[in-house]
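Data block below; observations after.
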Amino acid sequence: MKIDSRLKPLLGSLRGWEVKEGGLEKTIPLPSYQQGLEWVNQIAREAENRNHHPDLIWTYHKLTLRLMSHDRGRITRRDVEFARWIDSHIGSSV
C-alpha cells in the first residue's frame, strides 16, 4: 500500500505502531482482563467523540488496535492523531 509522503514523518513518530494491510496496527499487552475492559471502554468513548472507530481485538492478555480511514481506504492524518491519543491515554499506562 502506498503511504502519503506527508504522513511518513508522522508515522515515524508513533511508538509501536506498524503499517499492516492498509491500516495502522498496535498490540498492547494487558496487565489484567479488567484493565483490558477499561481500556476498550475508554477507546470506544473517544472513538464516538471523534466519529472514527478502530477495529479492536481484545483477548485475555492483549489488545490489538487497527486504525484506517475506511471512507478513504487508507491511513490518514485522523488515524495518526487517534494513534497519538491512544498512546498518550492507553499506551503510556503499559
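In the C-alpha cells, chains take letters A, B, ... by order of appearance, with residues numbered from 1 within each chain and ligands from 1 in the order shown.
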Original post:
Neighbours of A:His61 within 12 Å (only C-alpha atoms; same-chain residues fewer than 4 positions away dropped), as a ChimeraX atom specification?
Top reply: /A:27-37,57
**OP:** Please identify which residues in chain A DSSP calls strand (DSSP E) from the backbone, and express them as an MDAnalysis selection string.
**Re:** chainID A and resid 18:20 23:29 55:59 62:67
Contact residues around A:Gly16 with only C-alpha atoms at 10 Å, ignoring same-chain residues under 3 positions, as a PDB file with C-alpha atoms, in the first residue's frame:
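selection_37.pdb, written as the output of this step:
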ATOM      1  CA  GLY A  12       7.783   7.509  12.196  1.00  0.00           C
ATOM      2  CA  SER A  13       6.963   9.325  15.422  1.00  0.00           C
ATOM      3  CA  LEU A  24      -2.062   1.308  11.487  1.00  0.00           C
ATOM      4  CA  GLU A  25      -1.852  -1.555  13.958  1.00  0.00           C
ATOM      5  CA  LYS A  26      -0.566  -1.897  17.502  1.00  0.00           C
ATOM      6  CA  THR A  27      -0.787  -4.706  20.041  1.00  0.00           C
ATOM      7  CA  ILE A  28      -0.704  -3.739  23.707  1.00  0.00           C
ATOM      8  CA  ASP A  87      -0.550   6.301  23.104  1.00  0.00           C
ATOM      9  CA  GLY A  91      -0.033   3.244  25.723  1.00  0.00           C
TER      10      GLY A  91
END
**OP:** Please run DSSP on the backbone and report, as a ChimeraX atom specification, all residues within chain A that come out as alpha helix (DSSP H).
**Re:** /A:8-12,33-50,77-89
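Summary of the local environment: counting only C-alpha atoms, residues at most 9 Å from stretch 42-52 of chain A, other than itself and those fewer than 6 positions away along its chain, are A:Leu67, A:Met68, A:Ser69, A:Arg78, A:Asp79, A:Phe82, A:Trp85, A:Ile86, A:His89, A:Ile90.
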Original post:
Interatomic distance between atom CA of A:His70 and atom CA of A:Arg84?
Top reply: 18.6 Å
Original post:
Neighbours of A:Leu7 within 10 Å (only C-alpha atoms; same-chain residues fewer than 4 positions away dropped), as a list in words?
Top reply: Ile3, Leu11, Gly12, Ile75, Thr76, Arg77 and Val80 of chain A
